[in-house]
Each structure stands twice: as C-alpha cells, then as structure tokens.
Amino acid sequence: KARDVVSIDKLKKELSAGQGCVIYGSVSSQKIAGNFHFSLHGHDFQVLANVFPSRASANMSHVINHLSFGKDYPGLHNPLDNEKHIYNSTGSTEYYVKIVPTIFHKLDGQTIHTNQYSVTDFFRKQLDGYPALYFVYDINPIMVHVTEWKTSFLHYFTQLSAIVGGVCVVAGQVHRLGRFVLVAGGGGGAHASIPLSSPGPSATPHK
C-alpha cells in the first residue's frame, strides 16, 4: 500500500537519525491490579518486517522522565522519575510496581488523595516476537497518612539549645582530654629536688 510505503520510509529515516518515540499523557483506571504496556504489536507486520530486517534490531532502550499514580504533593518521591535504560540487545523490560494509597493532609486542612509506589524491574531477552515495555502494578491493602506540619519557635529554640549544650559538653571533654595528654606526656615521672648547702669549715688533719 502507498500509505505503508510512506510509513516505512519515515520510520527508517527517523531510526537512522537516532530518533525515538516521545509518549506522554494520563490513563484512568479502576483501583484494582492491572498493567499497561508499550509495544510494536499494534503495527502492521509488513511495516515492521521492512523497518526491522531482523527482530534482534528492535531495541527498547528508554528514558522515563516522570511516572506517578496520582497527584504530587511536597516531598513525594517517584522512584521511576528520570529512570534510564540503554540496552545493547533486544528484549522486554518489566516493571513490577507496588502502589500504596496515600492521603496528604495540608496545613490549611485540605487533603490530597494520591498514591506512593515502590518498583522493581526485570529485563528479559526476547527470543521470539518484538520487545515491549510492561508496567505491572498491584495495590497495597494498607493506606498511609502524611501530615504537613510547621515547627513552632519554642520547639525550634529547644532543639537549638540542646544542640548548643551538646557542643559545649563535647568541647569540655576534649579540653580535659587534651590537658591530660599534655600532663602525661610532659611529666616524664617524679623528680626530687635536693637543695645544695654551702660547705662548712674544713679541718686539716695534723700529723
């Protein structure tokens, strides 16, 4: 087909220039375990066969700029942000994500319902078919509450006083230890001082 020829030529030029796909967006899902993936399976086989003469030439190297499961809040860490994988061989990458439902309580009383997650990844060499990028997620049965709070001046002053007191105690111990080392090193043992008296009158023996 004429459309396939155009697609093949376009893909070959992009691959030869070292370009790749940029994917962004959001997906709504139910609060149940599931998965989503990125693959070449949706393309026409004839197009793929012309673009990739051998399946080993298909490479799933990728960079994840940002991936979250809900709204962000201050201090939230997303483990897959800026994740980079460069492969020298063809294969599929599987990310196993454990999602933890989280409620963030703001200072003004508002709440943000979102999720944290942990992740492990596994690279599997592809023996047949084309490689893909899989995200398999499961939802933790527990929920985490994160509360935003502000340190009062009294609390800050107490902490500062404790730090200053600890520094003074340590400095005193170091000072005493230094004096002990100087005394022990410079004493060299006990010394006795014997006063010298002037010689008394001498008697000359007489024969």
# chains A, B, ... in the order shown; residues from 1 in each chain; ligands from 1

call {"tool": "closest_atom_pairs", "arguments": {"of": "region 9-70 of chain A", "to": "region 99-119 of chain A", "cutoff": "12 Å", "atoms": "only C-alpha atoms", "output": "JSON lines"}}
result
{"residue": "A:Lys31", "atom": "CA", "partner": "A:Pro101", "partner_atom": "CA", "distance": 9.7}
{"residue": "A:Ile32", "atom": "CA", "partner": "A:Ile99", "partner_atom": "CA", "distance": 10.3}
{"residue": "A:Ala33", "atom": "CA", "partner": "A:Ile99", "partner_atom": "CA", "distance": 9.4}
{"residue": "A:Gly34", "atom": "CA", "partner": "A:Ile99", "partner_atom": "CA", "distance": 11.2}
{"residue": "A:Leu67", "atom": "CA", "partner": "A:Tyr117", "partner_atom": "CA", "distance": 10.1}
{"residue": "A:Ser68", "atom": "CA", "partner": "A:Asn115", "partner_atom": "CA", "distance": 7.9}
{"residue": "A:Phe69", "atom": "CA", "partner": "A:Asn115", "partner_atom": "CA", "distance": 5.6}
{"residue": "A:Gly70", "atom": "CA", "partner": "A:Thr114", "partner_atom": "CA", "distance": 4.6}

call {"tool": "closest_residue", "arguments": {"among": "A:Tyr73, A:Phe52, A:Phe123, A:Tyr130", "to": "Asn88 (chain A)", "atoms": "only C-alpha atoms"}}
result
A:Phe123

call {"tool": "select_by_dssp", "arguments": {"residues": "region 47-176 of chain A", "states": "strand (DSSP E or B)", "output": "number ranges by chain"}}
result
A: 62-64, 83-85, 91-105, 111-125, 132-139, 144-147

call {"tool": "select_by_dssp", "arguments": {"residues": "region 36-180 of chain A", "states": "helix (DSSP H, G or I)", "output": "number ranges by chain"}}
result
A: 45-51, 55-57, 153-180

call {"tool": "residues_around", "arguments": {"residues": "region 16-22 of chain A", "least_positions_apart": "2", "cutoff": "12 Å", "atoms": "only C-alpha atoms", "output": "list in words"}}
result
Asp9, Lys10, Leu11, Lys12, Lys13, Glu14, Tyr24, Gly25, Phe38, Ser39, Leu40, Val51, Phe52, Ala58, Asn59, Met60, Ser61, His62, Val63, Ile64 and Asn65 of chain A

call {"tool": "write_last_selection", "arguments": {"atoms": "N, CA, C and O atoms", "output": "CSV table (one decimal), in the first residue's frame"}}
result
chain,number,residue,atom,x,y,z
A,9,ASP,N,9.3,4.4,5.0
A,9,ASP,CA,10.4,5.4,4.7
A,9,ASP,C,10.5,6.4,5.8
A,9,ASP,O,11.7,6.7,6.2
A,10,LYS,N,9.4,6.8,6.4
A,10,LYS,CA,9.5,7.8,7.5
A,10,LYS,C,10.2,7.1,8.7
A,10,LYS,O,11.1,7.8,9.4
A,11,LEU,N,9.8,5.9,9.0
A,11,LEU,CA,10.4,5.2,10.2
A,11,LEU,C,11.9,5.0,10.0
A,11,LEU,O,12.7,5.1,10.9
A,12,LYS,N,12.2,4.6,8.8
A,12,LYS,CA,13.7,4.3,8.5
A,12,LYS,C,14.5,5.6,8.7
A,12,LYS,O,15.6,5.5,9.2
A,13,LYS,N,14.0,6.7,8.2
A,13,LYS,CA,14.7,7.9,8.3
A,13,LYS,C,14.9,8.3,9.8
A,13,LYS,O,16.0,8.8,10.2
A,14,GLU,N,13.8,8.2,10.6
A,14,GLU,CA,13.9,8.5,12.0
A,14,GLU,C,14.8,7.6,12.7
A,14,GLU,O,15.6,8.1,13.6
A,24,TYR,N,3.6,10.8,26.1
A,24,TYR,CA,3.1,11.4,27.4
A,24,TYR,C,1.6,11.4,27.4
A,24,TYR,O,0.9,11.3,26.4
A,25,GLY,N,1.1,11.5,28.6
A,25,GLY,CA,-0.4,11.5,28.8
A,25,GLY,C,-0.7,10.9,30.1
A,25,GLY,O,0.1,10.7,31.0
A,38,PHE,N,3.8,-0.7,26.4
A,38,PHE,CA,4.2,0.0,25.2
A,38,PHE,C,4.9,-1.1,24.3
A,38,PHE,O,5.9,-1.6,24.7
A,39,SER,N,4.4,-1.2,23.1
A,39,SER,CA,5.0,-2.3,22.3
A,39,SER,C,4.8,-1.9,20.8
A,39,SER,O,4.1,-0.9,20.4
A,40,LEU,N,5.3,-2.8,19.9
A,40,LEU,CA,5.2,-2.7,18.5
A,40,LEU,C,4.1,-3.6,18.0
A,40,LEU,O,3.9,-3.7,16.8
A,51,VAL,N,10.9,-2.3,8.3
A,51,VAL,CA,11.7,-1.4,9.1
A,51,VAL,C,12.8,-2.1,9.9
A,51,VAL,O,13.9,-1.7,10.0
A,52,PHE,N,12.5,-3.3,10.5
A,52,PHE,CA,13.4,-4.1,11.2
A,52,PHE,C,13.6,-5.4,10.5
A,52,PHE,O,12.9,-6.3,10.6
A,58,ALA,N,15.3,-4.6,16.8
A,58,ALA,CA,14.4,-3.8,17.6
A,58,ALA,C,14.9,-3.6,19.0
A,58,ALA,O,15.2,-4.6,19.7
A,59,ASN,N,15.0,-2.4,19.5
A,59,ASN,CA,15.6,-2.1,20.8
A,59,ASN,C,14.6,-1.3,21.6
A,59,ASN,O,14.0,-0.3,21.1
A,60,MET,N,14.5,-1.7,22.9
A,60,MET,CA,13.5,-1.0,23.8
A,60,MET,C,14.3,-0.1,24.8
A,60,MET,O,13.8,0.0,25.9
A,61,SER,N,15.4,0.4,24.4
A,61,SER,CA,16.1,1.4,25.3
A,61,SER,C,15.1,2.6,25.5
A,61,SER,O,14.4,3.0,24.6
A,62,HIS,N,15.1,3.1,26.8
A,62,HIS,CA,14.1,4.1,27.1
A,62,HIS,C,14.5,5.0,28.3
A,62,HIS,O,15.4,4.6,29.0
A,63,VAL,N,13.9,6.1,28.4
A,63,VAL,CA,14.1,7.0,29.5
A,63,VAL,C,12.7,7.4,30.0
A,63,VAL,O,11.8,7.8,29.2
A,64,ILE,N,12.5,7.3,31.3
A,64,ILE,CA,11.2,7.7,31.9
A,64,ILE,C,11.5,9.0,32.6
A,64,ILE,O,12.1,9.1,33.6
A,65,ASN,N,10.9,10.1,32.1
A,65,ASN,CA,11.0,11.4,32.7
A,65,ASN,C,10.2,11.5,34.0
A,65,ASN,O,10.7,12.1,35.0

call {"tool": "atom_distance", "arguments": {"atom1": "CA of Arg176 (chain A)", "atom2": "CA of Thr158 (chain A)"}}
result
27.2 Å

call {"tool": "closest_residue", "arguments": {"among": "A:Asp138, A:Asp121, A:Asp72, A:Asp128", "to": "Lys84 (chain A)", "atoms": "only C-alpha atoms"}}
result
A:Asp121

call {"tool": "closest_residue", "arguments": {"among": "A:Val144, A:Val164, A:Leu80, A:Leu15", "to": "Ser57 (chain A)", "atoms": "only C-alpha atoms"}}
result
A:Leu15
